[in-house]
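A quick write-up on the structure given underneath.
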Amino acid sequence: MTDSGRKYRFSWVLLGDLTSGRPSLGPTTRLEVYRLMQYTLRDIIEQVCGTEKADEIFYKAGLLAGKEFYKNVLGIPADLNEFVRNLQQVLVDMNIGILRIEKADAEQGSFVMTVSEDLDCSGLPETGYGICTYDEGFIAGLMESFTGEPFDVREIDCWCTGDRTCRFDVNRRSR
Amino acid sequence: MAEKTAEKKRRTLPPGSPDSLKDVLKAVEDTFRTEISFGDPVPLSDKEAQDQLKAILADLAATRQFAQTLARGDLYEDLPVTGRTAGCLKALQANLRHLTWQTGQIASGDLSQRVHFMGDFSDSFNTMVERLSEEKLNRAHREEELQRVNTTLADEVAERRKIEDALRRANEKISMLSSITRHDIRNQLQVLQGYLELTLHTAKDPVLLNYINREKQAAAAIAGQVEFMKYYESLGVNAPEWQDISRQAHAAITHLPIPGTTDIVIDIPPIKVFADGLIEKVFYNLLENTLRHGERVSRIRLSFHETNHGAEIVYEDNGVGISPEDKPFLFQKGFGKNTGLGLFLSQEILAITGLTIREEGVPGNGVRFVIVVPKGAYRFSSTG
């Protein structure tokens with residue numbers, strides 16, 4: 001589909017003016033509502049498109065979100081330290097999760113990050129498989145925006161596999 | 001399919017004989033509590049239960065092994081086990097890895113790192129980093145201030161050098177003018193003294209002879225003052241150096257007609273004093289004064305000794321000494337029976353490097369000049 005013929009092309013403006021739109025209730029809502037939307041959406045997409053496609057869609061949606069988030073929220077960090085520092089702070093300020101860096105080799109483009117109290121999965125029942133596909137895409141989008149190069153992100157530990165923190169292996173895509 | 005797996009995991013062990021259950025519990029306890037390595041599990045009749053027990057014991061053993069590795073400080077071991085217990089240990093590992101990374105960042109100078117959501121540790125860690133940060137900031141301010149002071153000093157030194165150069169050039173010109181003028185005066189003075197001498201031999205009138213003698217004295221005084229000018233002009237022209245005192249005193253002696261009846265003792269160890277190069281002139285003036293005014297001098301002695309505040313070079317003779325009424329004016333310019341400039345010049349030469357001179361002899365028993373050398377302005381020298 002060409003861009004001009006699209007109905008739902010994302011724009012940051014679509015998040016709306018929450019100050020004027022919700023003068024009484026404010027910009028926040030219960031996390032259950034967010035998860036209700038995500039998991040029902042995921043359910044239907046899987047039914048319509050299959051599991052693999054559903055994961056791909058979620059990853060790509062996360063990727064787009066990461067890029068938009070970087071552009072509209074993080075600004076232009078001067079270096080890796082500032083990028084990590086700002087990201088950590090924003091994720092805490094917006095109650096998204098607690099980001100921690102375990103390893104950062106900027107030269108090799110290799111990182112290991114963890115997110116505790118994650119928006120998507122913390123507190124979910126153990127399913128035996130990782131569920132944070134959207135987060136994977138989100139981190140890939142952030143890293144791509146910061147470095148200008150594509151990244152592959154894979155979740156290696158998740159609340160849903162019994163872990164207490166989600167751990168992501170983040171690697172620059174080999175050229 | 002996943003639900004089925006979970007259901008299998010939740011299944012209770014099949015009922016067995018009390019002995020089998022005991023054995024199962026013992027096997028679990030051993031794996032959990034002791035260092036016994038995991039071996040073949042207790043044989044159970046139910047194959048599925050046997051496999052489940054085997055898996056549980058393997059996970060337990062791997063978890064225990066992981067905890068041991070973590071306790072040793074190795075943060076990079078993987079734990080291929082899922083579930084709450086393993087999850088908590090992996091969360092601990094993740095936090096420790098993150099702290100290791102943060103500490104590395106701080107070590108490389110990134111003091112913006114902060115630890116969140118780790119209880120008291122966060123407070124202590126963050127306080128430490130804030131203090132480091134403040135210290136770094138203070139150090140940067142101090143370095144900046146130091147840099148500023150250095151720049152100011154460098155500017156001042158450069159300015160001072162310029163002024164010194166200008167002064168040196170002006171001094172050179174004055175010195176040259178003075179030298180030429182002095183030379184001309186001396187030439188004219190010699191002519192004047194020559195004619196006075198001729199007039200003295202031809203004049204017969206006693207009044208006239210008296211006048212001529214006075215004119216001769218005045219011409220001699222002018223000659224002395226011109227000589228003084230020569231020395232005074234060269235005062236401080238060259239930078240002070242470490243002067244061998246004994247050698248300077250000996251040099252002064254060789255320039256004066258010391259009578260054979262006068263015994264000179266130089267009792268000075270091999271020392272060097274930081275002084276102007278004209279210090280020889282000090283000894284020369286003291287010796288000349290002795291010869292000129294001492295009247296009955298048979299002994300001159302130069303000695304050196306250290307005091308609480310530095311050292312003293314003492315010049316003594318056994319002449320008539322200096323009268324009490326003359327003592328207060330001894331070092332004043334123009335005071336004295338000859339040119340009145342010798343002791344004044346000596347005092348000026350010594351003052352260049354902080355040395356002082358005083359006279360403390362007993363009238364009638366000779367002079368005793370004491371040159372005071374402060375600490376740091378003299379040193380012993382075995383090489384001379």
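Note on naming: chains are A, B, ... as they come in the structure tokens, residues start from 1 per chain, ligands start from 1 in the order shown.
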In chain A, DSSP alpha helix (DSSP H) residues written as an NGL selection string: :A and (18-21 or 31-49 or 51-69 or 80-93 or 133-147)
Counting only C-alpha atoms, which residues in chain A sit no more than 9 Å from chain B? For each one, give the nearest pair of atoms and the distance in Å, sorted by chain then residue number, as a tab-separated table.
```
residue	atom	partner	partner_atom	distance
A:Asn81	CA	B:Asp110	CA	7.3
A:Glu82	CA	B:Ser112	CA	8.4
A:Arg85	CA	B:Gln113	CA	7.2
A:Ile98	CA	B:His116	CA	8.2
A:Arg100	CA	B:His98	CA	5.8
A:Ile101	CA	B:His98	CA	5.2
A:Glu102	CA	B:His98	CA	4.3
A:Lys103	CA	B:Trp101	CA	6.4
A:Ala104	CA	B:Trp101	CA	7.9
A:Met113	CA	B:His98	CA	8.5
A:Thr114	CA	B:Ala94	CA	7.0
A:Ser116	CA	B:Ala91	CA	8.5
A:Glu126	CA	B:Gly83	CA	7.8
A:Thr127	CA	B:Ala2	CA	6.9
A:Gly128	CA	B:Ala2	CA	7.2
A:Tyr129	CA	B:Ala2	CA	8.8
A:Asp157	CA	B:Gly87	CA	8.5
A:Cys158	CA	B:Gly87	CA	8.7
A:Trp159	CA	B:Gly87	CA	7.9
A:Cys160	CA	B:Gly83	CA	8.8
A:Thr161	CA	B:Thr82	CA	5.6
A:Gly162	CA	B:Gly83	CA	3.8
A:Asp163	CA	B:Gly87	CA	3.5
A:Arg164	CA	B:Gly87	CA	4.9
A:Thr165	CA	B:Ala91	CA	5.6
A:Cys166	CA	B:Ala91	CA	8.6
A:Arg167	CA	B:Ala94	CA	8.1
```
Please produce a file of those selected residues containing C-alpha atoms, as a compact mmCIF listing (two decimals), in the first residue's frame.
```txt
# COMPACT_ATOMS: atom_id res chain seq x y z
CA ASN A 81 26.07 7.97 28.33
CA GLU A 82 23.60 10.79 27.89
CA ARG A 85 20.82 8.36 31.24
CA ILE A 98 13.36 0.31 35.10
CA ARG A 100 19.48 -1.16 33.41
CA ILE A 101 22.55 -1.76 31.28
CA GLU A 102 24.54 -4.92 31.87
CA LYS A 103 26.96 -4.60 29.00
CA ALA A 104 27.63 -1.85 26.50
CA MET A 113 19.88 -4.51 28.79
CA THR A 114 17.30 -5.42 31.37
CA SER A 116 12.34 -4.54 35.44
CA GLU A 126 4.40 -18.06 33.59
CA THR A 127 3.75 -19.18 30.06
CA GLY A 128 7.13 -20.71 29.36
CA TYR A 129 7.92 -18.34 26.50
CA ASP A 157 14.77 -13.75 29.88
CA CYS A 158 11.20 -12.71 30.58
CA TRP A 159 8.77 -12.58 33.46
CA CYS A 160 6.69 -15.08 31.53
CA THR A 161 9.56 -17.60 31.63
CA GLY A 162 9.73 -17.23 35.39
CA ASP A 163 12.35 -14.51 35.50
CA ARG A 164 11.97 -11.39 37.62
CA THR A 165 13.42 -9.05 35.03
CA CYS A 166 13.33 -9.00 31.25
CA ARG A 167 16.75 -9.27 29.63
```
Test item: residues at most 8 Å from stretch 58-62 of chain A, only C-alpha atoms, excluding those fewer than 4 positions along its chain, as a count of residues only: 11
Between atom CA of B:Asn171 and atom CA of B:Glu280 - distance in Å to one decimal: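 Interatomic distance here is 23.0 Å.
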Given only C-alpha atoms as the counted atoms, nearest of A:Val112, A:Asp152, A:Arg173, A:Phe146 to A:Ile76: A:Phe146
Between atom CA of B:Pro324 and atom CA of B:Val362, distance in Å (one decimal):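 Pair atom CA of B:Pro324 / atom CA of B:Val362 returns 8.8 Å.
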Minimum-distance residue to A:Phe151, chosen among A:Leu63, A:Leu15, A:Cys49, A:Cys132 (using only C-alpha atoms): A:Leu63
Surrounding residues of B:Phe32 excluding itself and chain neighbours under 2 positions, 12 Å, only C-alpha atoms, as a PyMOL selection string: chain B and resi 25-30+34-38+56-65+67
Requested write-out: C-alpha atoms of the selected residues, as a compact mmCIF listing (two decimals), in the first residue's frame:
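Ended up saving to selection.txt:
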```txt
# COMPACT_ATOMS: atom_id res chain seq x y z
CA LEU B 25 12.50 -36.21 49.71
CA LYS B 26 16.03 -37.21 50.70
CA ALA B 27 17.24 -36.76 47.12
CA VAL B 28 15.63 -33.32 46.90
CA GLU B 29 17.02 -32.29 50.29
CA ASP B 30 20.52 -33.48 49.39
CA THR B 34 24.42 -30.26 50.59
CA GLU B 35 27.32 -30.34 48.24
CA ILE B 36 26.45 -33.82 47.04
CA SER B 37 26.57 -33.84 43.29
CA PHE B 38 23.50 -34.78 41.38
CA ILE B 56 13.61 -31.00 39.16
CA LEU B 57 16.87 -32.25 40.66
CA ALA B 58 18.82 -31.10 37.61
CA ASP B 59 17.28 -27.60 37.82
CA LEU B 60 17.93 -27.49 41.55
CA ALA B 61 21.55 -28.51 41.06
CA ALA B 62 22.02 -25.94 38.24
CA THR B 63 20.41 -23.23 40.37
CA ARG B 64 22.67 -24.09 43.30
CA GLN B 65 25.71 -24.07 41.00
CA ALA B 67 24.21 -19.25 43.13
```
Spatial neighbours of A:Leu31, max dist 9 Å, only C-alpha atoms, sep filter under 5 positions, as a list in words: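 Final neighbour list, sorted by chain and number: Leu36, Leu119 and Asp120 of chain A.
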Between atom CA of A:Leu87 and atom CA of A:Met143, distance in Å (one decimal):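 Between atom CA of A:Leu87 and atom CA of A:Met143 the gap works out to 11.0 Å.
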